[in-house]
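A.B. asks: Take this structure first; my questions come after.
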Amino acid sequence: MHPIERLRYVARASGAPAEVLVQETARALASFDGDPQGLVTACRRIVSRQPASGPLVWFAARVLTASDPRSEIWEAAGAVAADPTAAELAHALPDSATVVVLGWPSTTDDALARRGDLEVLVVDALGEGSGLVRRLLSADVEAVDVPQAGLGAAVAVGDLVVLEASAIGPSEALAVSGSLAAAAVAHHLGVPVWLVGGVGRLLPQRMWEGLRARAVSAAEPWDADDEVLPLELVDRLVGPCGPEPVEQGLRRTDCPVAPELFKGDVF
C-alpha cells in the first residue's frame with residue numbers, strides 16, 4: 001500500500017484497536033525519512049482524524065520529539081505491540097468474580113478470554129456487547145448480554161467493574177459512553193472500579209487538553225461514542241504493571257509534550 005493511502009486508511013478507520021492504528025501509522029510514517037515537515041503534517045493529520053486515540057497522540061509525540069525519528073517509529077510501535085497490560089489484567093482479576101464491562105474493549109477482551117472461571121456481564125454499549133459475548137462464549141467464558149437499560153442492575157450484582165480508557169489525563173479519562181454512569185453507580189454501591197489503560201494511554205496535562213478538546217463535543221454529548229470519566233470514581237488504574245492505585249499509576253505517564261500536534265486541524 002502506498003504510504004499516503006496507508007495514512008488515509010488510518011485516518012478513516014473506525015473502531016480499530018489502538019495497536020492496529022499505531023502499526024499502520026508506523027508503516028506510513030517510515031516513508032517520511034528525511035522530510036521533517038512532511039512528518040509533522042502526517043502526524044497532525046492522523047491525530048486530528050483519530051481524536052480519541054491516546055496511543056496515537058503518544059506515538060506521534062514520541063516520533064516528533066525524537067532525535068532519530070525513524071528509529072523511534074519502530075521502537076514506539078514495538079512497545080505498543082508488546083504491551084503486557086492484557087496479561088497483567090488477566091492475572092489480577094479476582095477468582096470466580098462477576099465482572100461488568102461495557103461494549104467491546106479490546107485489551108479487556110484479551111484478558112477476559114483467558115479466564116474461564118469468571119462470569120462477565122457485558123453492557124451493550126455502542127451495539128458492540130453482543131459481539132463480545134459471542135467471542136467470550138467461544139472461549140468457554142460465561143458471558144451475559146446486558147441491554148443498556150440494565151447497566152445499573154448489572155453493576156449492582158457485580159463484584160468488579162472494568163472500564164477501558166482510550167486516553168487518560170491527570171484527573172480525567174476518555175472512555176466509551178456509559179462509563180460515567182457505570183462508575184458513578186459502582187462508586188455509590190462500593191463496587192470497585194478498575195480503569196484499563198496500557199502503553200501510550202497516559203498523557204500529561206497539555207497533551208490531554210489537546211486530545212480532550214478535539215474528542216469531546218459540547219453539543220449533544222449524549223449522542224457521542226465517548227465521554228469524560230473523572231478519575232475520582234476509579235479505584236485502580238490497570239497498565240503494564242497491573243492494577244495500581246490511581247496516583248501511583250499516573251506517575252508512569254511517559255508521553256512527551258509535542259504542542260505542534262494540536263496547532264489546528266489538517267484535512
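Note on naming: chains are A, B, ... as they come in the C-alpha cells, residues start from 1 per chain, ligands start from 1 in the order shown.
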As JSON, numbers by chain, please: the residues near Leu229 in chain A (cut-off 10 Å, only C-alpha atoms, same-chain neighbours under 4 positions excluded).
C.D. replies: {"A": [165, 168, 171, 172, 173, 174, 175, 176, 177, 178, 179, 180, 181, 183, 184, 195, 233, 234]}
A.B. asks: Any chance you could list, as a list in words, the residues in range 194-245 of chain A that come up alpha helix (DSSP H) when DSSP is run on the backbone?
C.D. replies: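 Of range 194-245 of chain A, only Gln205, Arg206, Met207, Trp208, Glu209, Gly210, Leu211, Arg212, Ala213, Arg214 and Ala215 of chain A fall in alpha helix (DSSP H).
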A.B. asks: Per DSSP on the backbone, filter range 5-156 of chain A down to the residues in strand (DSSP E or B) and report them as a list in words.
C.D. replies: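 Of range 5-156 of chain A, the ones in strand (DSSP E or B) are Thr98, Val99, Val100, Val101, Leu102, Glu119, Val120, Leu121, Val122, Val123, Glu142, Ala143, Val144, Asp145 and Val146 of chain A.
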A.B. asks: Counting only C-alpha atoms, give me one row per residue of range 71-148 of chain A with an atom at most 12 Å from an atom of range 218-228 of chain A, showing the shortest contact pair and its distance in Å to one decimal, sorted by chain then residue number, as a tab-separated table.
C.D. replies:
```
residue	atom	partner	partner_atom	distance
A:Leu102	CA	A:Asp226	CA	11.6
A:Gly103	CA	A:Asp225	CA	10.6
A:Ala125	CA	A:Asp225	CA	8.8
A:Leu126	CA	A:Asp225	CA	7.0
A:Gly127	CA	A:Asp225	CA	10.8
A:Glu128	CA	A:Asp225	CA	11.6
```
A.B. asks: Using Å and a single decimal, report how far CA of Thr25 in chain A sits from CA of Trp194 in chain A.
C.D. replies: 29.2 Å
A.B. asks: From the options A:Arg212, A:His187, A:Arg252, A:Arg27, which residue's atoms come nearest to Val199 in chain A, counting only C-alpha atoms?
C.D. replies: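 Answer, going by the shortest atom-to-atom distance: A:Arg252.
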A.B. asks: Can you tell me, as a ChimeraX atom specification, what residues are no more than 10 Å from Val238 in chain A when counting only C-alpha atoms, ignoring any on the same chain fewer than 2 positions away?
C.D. replies: /A:85-86,88-89,92,162-164,194-198,235-236,240-246,249
A.B. asks: Got a sec: who's within 9 Å of range 56-58 of chain A, counting only C-alpha atoms, leaving out chain neighbours fewer than 5 positions off, as a PDB file with all heavy atoms, in the first residue's frame?
C.D. replies:
```pdb
ATOM      1  N   ALA A  18      -6.200   0.079  19.087  1.00  0.00           N
ATOM      2  CA  ALA A  18      -5.086   1.030  19.086  1.00  0.00           C
ATOM      3  C   ALA A  18      -3.821   0.425  18.485  1.00  0.00           C
ATOM      4  O   ALA A  18      -3.076   1.105  17.767  1.00  0.00           O
ATOM      5  CB  ALA A  18      -4.815   1.500  20.513  1.00  0.00           C
ATOM      6  N   LEU A  21      -3.944   0.656  14.700  1.00  0.00           N
ATOM      7  CA  LEU A  21      -3.759   2.028  14.238  1.00  0.00           C
ATOM      8  C   LEU A  21      -2.296   2.454  14.329  1.00  0.00           C
ATOM      9  O   LEU A  21      -1.762   3.084  13.410  1.00  0.00           O
ATOM     10  CB  LEU A  21      -4.629   2.977  15.069  1.00  0.00           C
ATOM     11  CG  LEU A  21      -6.144   2.842  14.914  1.00  0.00           C
ATOM     12  CD1 LEU A  21      -6.855   3.812  15.841  1.00  0.00           C
ATOM     13  CD2 LEU A  21      -6.573   3.075  13.471  1.00  0.00           C
ATOM     14  N   VAL A  22      -1.656   2.116  15.436  1.00  0.00           N
ATOM     15  CA  VAL A  22      -0.255   2.509  15.614  1.00  0.00           C
ATOM     16  C   VAL A  22       0.647   1.786  14.616  1.00  0.00           C
ATOM     17  O   VAL A  22       1.536   2.401  14.011  1.00  0.00           O
ATOM     18  CB  VAL A  22       0.202   2.236  17.064  1.00  0.00           C
ATOM     19  CG1 VAL A  22       1.721   2.393  17.184  1.00  0.00           C
ATOM     20  CG2 VAL A  22      -0.501   3.194  18.018  1.00  0.00           C
ATOM     21  N   THR A  25       0.151   3.283  11.189  1.00  0.00           N
ATOM     22  CA  THR A  25       0.745   4.622  11.161  1.00  0.00           C
ATOM     23  C   THR A  25       2.258   4.537  11.077  1.00  0.00           C
ATOM     24  O   THR A  25       2.903   5.305  10.351  1.00  0.00           O
ATOM     25  CB  THR A  25       0.329   5.409  12.412  1.00  0.00           C
ATOM     26  OG1 THR A  25      -1.096   5.515  12.447  1.00  0.00           O
ATOM     27  CG2 THR A  25       0.917   6.809  12.387  1.00  0.00           C
ATOM     28  N   CYS A  43       1.669  13.448  10.995  1.00  0.00           N
ATOM     29  CA  CYS A  43       1.288  13.169  12.379  1.00  0.00           C
ATOM     30  C   CYS A  43       0.070  13.999  12.787  1.00  0.00           C
ATOM     31  O   CYS A  43      -0.856  13.495  13.427  1.00  0.00           O
ATOM     32  CB  CYS A  43       2.457  13.463  13.311  1.00  0.00           C
ATOM     33  SG  CYS A  43       3.796  12.247  13.248  1.00  0.00           S
ATOM     34  N   ILE A  46      -3.118  12.500  11.187  1.00  0.00           N
ATOM     35  CA  ILE A  46      -3.596  11.280  11.829  1.00  0.00           C
ATOM     36  C   ILE A  46      -4.259  11.586  13.170  1.00  0.00           C
ATOM     37  O   ILE A  46      -5.350  11.091  13.486  1.00  0.00           O
ATOM     38  CB  ILE A  46      -2.427  10.290  12.035  1.00  0.00           C
ATOM     39  CG1 ILE A  46      -1.977   9.734  10.689  1.00  0.00           C
ATOM     40  CG2 ILE A  46      -2.833   9.156  12.963  1.00  0.00           C
ATOM     41  CD1 ILE A  46      -3.034   8.950   9.951  1.00  0.00           C
ATOM     42  N   VAL A  47      -3.619  12.423  13.970  1.00  0.00           N
ATOM     43  CA  VAL A  47      -4.156  12.752  15.283  1.00  0.00           C
ATOM     44  C   VAL A  47      -5.484  13.495  15.175  1.00  0.00           C
ATOM     45  O   VAL A  47      -6.404  13.275  15.963  1.00  0.00           O
ATOM     46  CB  VAL A  47      -3.125  13.570  16.089  1.00  0.00           C
ATOM     47  CG1 VAL A  47      -3.740  14.165  17.339  1.00  0.00           C
ATOM     48  CG2 VAL A  47      -1.931  12.691  16.464  1.00  0.00           C
ATOM     49  N   GLN A  50      -8.217  10.908  14.234  1.00  0.00           N
ATOM     50  CA  GLN A  50      -8.480   9.900  15.275  1.00  0.00           C
ATOM     51  C   GLN A  50      -8.389  10.601  16.629  1.00  0.00           C
ATOM     52  O   GLN A  50      -7.512  10.321  17.449  1.00  0.00           O
ATOM     53  CB  GLN A  50      -7.465   8.758  15.182  1.00  0.00           C
ATOM     54  CG  GLN A  50      -7.546   7.932  13.926  1.00  0.00           C
ATOM     55  CD  GLN A  50      -8.769   7.022  13.907  1.00  0.00           C
ATOM     56  OE1 GLN A  50      -9.388   6.777  14.927  1.00  0.00           O
ATOM     57  NE2 GLN A  50      -9.124   6.516  12.737  1.00  0.00           N
ATOM     58  N   PRO A  51      -9.310  11.528  16.897  1.00  0.00           N
ATOM     59  CA  PRO A  51      -9.160  12.428  18.052  1.00  0.00           C
ATOM     60  C   PRO A  51      -9.239  11.765  19.411  1.00  0.00           C
ATOM     61  O   PRO A  51      -8.803  12.346  20.407  1.00  0.00           O
ATOM     62  CB  PRO A  51     -10.312  13.424  17.857  1.00  0.00           C
ATOM     63  CG  PRO A  51     -11.340  12.667  17.081  1.00  0.00           C
ATOM     64  CD  PRO A  51     -10.548  11.796  16.141  1.00  0.00           C
ATOM     65  N   VAL A  63       7.610  10.363  18.267  1.00  0.00           N
ATOM     66  CA  VAL A  63       8.307  10.450  16.981  1.00  0.00           C
ATOM     67  C   VAL A  63       8.770  11.879  16.717  1.00  0.00           C
ATOM     68  O   VAL A  63       9.912  12.117  16.308  1.00  0.00           O
ATOM     69  CB  VAL A  63       7.391   9.951  15.847  1.00  0.00           C
ATOM     70  CG1 VAL A  63       8.009  10.252  14.479  1.00  0.00           C
ATOM     71  CG2 VAL A  63       7.138   8.452  15.984  1.00  0.00           C
ATOM     72  N   ALA A  76       8.671   2.800  19.325  1.00  0.00           N
ATOM     73  CA  ALA A  76       7.378   3.092  19.931  1.00  0.00           C
ATOM     74  C   ALA A  76       6.308   2.101  19.467  1.00  0.00           C
ATOM     75  O   ALA A  76       5.492   1.626  20.265  1.00  0.00           O
ATOM     76  CB  ALA A  76       6.950   4.523  19.598  1.00  0.00           C
ATOM     77  N   VAL A 199      -0.062   0.761  27.337  1.00  0.00           N
ATOM     78  CA  VAL A 199       1.013   1.563  26.749  1.00  0.00           C
ATOM     79  C   VAL A 199       0.429   2.681  25.882  1.00  0.00           C
ATOM     80  O   VAL A 199      -0.433   2.445  25.029  1.00  0.00           O
ATOM     81  CB  VAL A 199       1.942   0.672  25.902  1.00  0.00           C
ATOM     82  CG1 VAL A 199       2.935   1.527  25.112  1.00  0.00           C
ATOM     83  CG2 VAL A 199       2.687  -0.317  26.796  1.00  0.00           C
ATOM     84  N   GLY A 200       0.881   3.903  26.135  1.00  0.00           N
ATOM     85  CA  GLY A 200       0.511   5.026  25.291  1.00  0.00           C
ATOM     86  C   GLY A 200      -0.763   5.748  25.680  1.00  0.00           C
ATOM     87  O   GLY A 200      -1.136   6.727  25.025  1.00  0.00           O
ATOM     88  N   ARG A 201      -1.427   5.325  26.721  1.00  0.00           N
ATOM     89  CA  ARG A 201      -2.717   5.957  27.026  1.00  0.00           C
ATOM     90  C   ARG A 201      -2.641   7.002  28.135  1.00  0.00           C
ATOM     91  O   ARG A 201      -3.600   7.741  28.342  1.00  0.00           O
ATOM     92  CB  ARG A 201      -3.750   4.887  27.371  1.00  0.00           C
ATOM     93  CG  ARG A 201      -3.891   3.893  26.242  1.00  0.00           C
ATOM     94  CD  ARG A 201      -5.118   3.047  26.313  1.00  0.00           C
ATOM     95  NE  ARG A 201      -5.036   1.955  25.346  1.00  0.00           N
ATOM     96  CZ  ARG A 201      -6.068   1.236  24.927  1.00  0.00           C
ATOM     97  NH1 ARG A 201      -7.266   1.513  25.382  1.00  0.00           N
ATOM     98  NH2 ARG A 201      -5.910   0.262  24.066  1.00  0.00           N
ATOM     99  N   LEU A 202      -1.522   7.077  28.833  1.00  0.00           N
ATOM    100  CA  LEU A 202      -1.350   8.089  29.858  1.00  0.00           C
ATOM    101  C   LEU A 202      -0.733   9.343  29.244  1.00  0.00           C
ATOM    102  O   LEU A 202       0.352   9.287  28.655  1.00  0.00           O
ATOM    103  CB  LEU A 202      -0.444   7.570  30.974  1.00  0.00           C
ATOM    104  CG  LEU A 202      -0.992   6.417  31.827  1.00  0.00           C
ATOM    105  CD1 LEU A 202       0.108   5.889  32.747  1.00  0.00           C
ATOM    106  CD2 LEU A 202      -2.193   6.870  32.641  1.00  0.00           C
ATOM    107  N   LEU A 203      -1.420  10.471  29.376  1.00  0.00           N
ATOM    108  CA  LEU A 203      -0.974  11.717  28.749  1.00  0.00           C
ATOM    109  C   LEU A 203      -0.766  12.802  29.800  1.00  0.00           C
ATOM    110  O   LEU A 203      -1.556  12.918  30.736  1.00  0.00           O
ATOM    111  CB  LEU A 203      -2.008  12.202  27.724  1.00  0.00           C
ATOM    112  CG  LEU A 203      -2.388  11.242  26.602  1.00  0.00           C
ATOM    113  CD1 LEU A 203      -3.443  11.899  25.707  1.00  0.00           C
ATOM    114  CD2 LEU A 203      -1.173  10.834  25.776  1.00  0.00           C
ATOM    115  N   MET A 207      -1.013  17.589  26.692  1.00  0.00           N
ATOM    116  CA  MET A 207      -1.440  16.698  25.614  1.00  0.00           C
ATOM    117  C   MET A 207      -2.866  16.214  25.834  1.00  0.00           C
ATOM    118  O   MET A 207      -3.647  16.051  24.889  1.00  0.00           O
ATOM    119  CB  MET A 207      -0.468  15.520  25.495  1.00  0.00           C
ATOM    120  CG  MET A 207       0.989  15.938  25.271  1.00  0.00           C
ATOM    121  SD  MET A 207       1.206  16.953  23.783  1.00  0.00           S
ATOM    122  CE  MET A 207       1.135  15.693  22.515  1.00  0.00           C
ATOM    123  N   LEU A 211      -6.122  16.605  23.235  1.00  0.00           N
ATOM    124  CA  LEU A 211      -6.975  15.476  22.830  1.00  0.00           C
ATOM    125  C   LEU A 211      -8.416  15.703  23.287  1.00  0.00           C
ATOM    126  O   LEU A 211      -9.359  15.486  22.510  1.00  0.00           O
ATOM    127  CB  LEU A 211      -6.429  14.177  23.427  1.00  0.00           C
ATOM    128  CG  LEU A 211      -7.211  12.898  23.108  1.00  0.00           C
ATOM    129  CD1 LEU A 211      -6.266  11.716  22.935  1.00  0.00           C
ATOM    130  CD2 LEU A 211      -8.226  12.570  24.217  1.00  0.00           C
ATOM    131  N   ASP A 254       4.453   8.810  30.404  1.00  0.00           N
ATOM    132  CA  ASP A 254       5.747   8.966  29.724  1.00  0.00           C
ATOM    133  C   ASP A 254       5.626   9.627  28.351  1.00  0.00           C
ATOM    134  O   ASP A 254       6.546   9.565  27.545  1.00  0.00           O
ATOM    135  CB  ASP A 254       6.428   7.598  29.569  1.00  0.00           C
ATOM    136  CG  ASP A 254       5.611   6.635  28.710  1.00  0.00           C
ATOM    137  OD1 ASP A 254       4.454   6.957  28.387  1.00  0.00           O
ATOM    138  OD2 ASP A 254       6.134   5.560  28.372  1.00  0.00           O
ATOM    139  N   CYS A 255       4.502  10.270  28.082  1.00  0.00           N
ATOM    140  CA  CYS A 255       4.310  10.928  26.785  1.00  0.00           C
ATOM    141  C   CYS A 255       4.991  12.292  26.784  1.00  0.00           C
ATOM    142  O   CYS A 255       4.709  13.123  27.653  1.00  0.00           O
ATOM    143  CB  CYS A 255       2.818  11.088  26.500  1.00  0.00           C
ATOM    144  SG  CYS A 255       2.448  11.981  24.971  1.00  0.00           S
ATOM    145  N   PRO A 256       5.881  12.567  25.823  1.00  0.00           N
ATOM    146  CA  PRO A 256       6.479  13.904  25.743  1.00  0.00           C
ATOM    147  C   PRO A 256       5.455  14.920  25.253  1.00  0.00           C
ATOM    148  O   PRO A 256       4.419  14.560  24.685  1.00  0.00           O
ATOM    149  CB  PRO A 256       7.613  13.720  24.728  1.00  0.00           C
ATOM    150  CG  PRO A 256       7.171  12.571  23.880  1.00  0.00           C
ATOM    151  CD  PRO A 256       6.388  11.660  24.779  1.00  0.00           C
ATOM    152  N   VAL A 257       5.744  16.183  25.463  1.00  0.00           N
ATOM    153  CA  VAL A 257       4.856  17.260  25.009  1.00  0.00           C
ATOM    154  C   VAL A 257       5.279  17.695  23.609  1.00  0.00           C
ATOM    155  O   VAL A 257       6.419  18.103  23.390  1.00  0.00           O
ATOM    156  CB  VAL A 257       4.891  18.452  25.977  1.00  0.00           C
ATOM    157  CG1 VAL A 257       4.074  19.618  25.426  1.00  0.00           C
ATOM    158  CG2 VAL A 257       4.351  18.033  27.343  1.00  0.00           C
ATOM    159  N   LEU A 261       1.288  19.111  17.463  1.00  0.00           N
ATOM    160  CA  LEU A 261       0.243  18.169  17.064  1.00  0.00           C
ATOM    161  C   LEU A 261      -1.145  18.800  17.103  1.00  0.00           C
ATOM    162  O   LEU A 261      -2.059  18.328  16.409  1.00  0.00           O
ATOM    163  CB  LEU A 261       0.251  16.936  17.980  1.00  0.00           C
ATOM    164  CG  LEU A 261       1.309  15.892  17.729  1.00  0.00           C
ATOM    165  CD1 LEU A 261       1.256  14.817  18.810  1.00  0.00           C
ATOM    166  CD2 LEU A 261       1.133  15.262  16.357  1.00  0.00           C
TER     167      LEU A 261
END
```
A.B. asks: Can you tell me how far CA of Trp104 in chain A sits from CA of Gly152 in chain A, in Å to one decimal?
C.D. replies: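 Computing the Euclidean distance for CA of Trp104 in chain A and CA of Gly152 in chain A yields 18.1 Å.
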A.B. asks: Which value, in Å to one decimal, gives the distance between CA of Pro17 in chain A and CA of Arg135 in chain A?
C.D. replies: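 CA of Arg135 in chain A lies 15.6 Å from CA of Pro17 in chain A.
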A.B. asks: Which residue, A:Pro192, A:Gly210, A:Gly78, A:Pro105, has the smallest gap to Gly158 in chain A when you use only C-alpha atoms?
C.D. replies: A:Pro192
A.B. asks: Find the residue from A:Ser96, A:Ser67, A:Gln205, A:Thr107 that sits nearest to Ser166 in chain A; use only C-alpha atoms when measuring.
C.D. replies: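 Between A:Ser96, A:Ser67, A:Gln205, A:Thr107, the residue approaching Ser166 in chain A most closely is A:Thr107.
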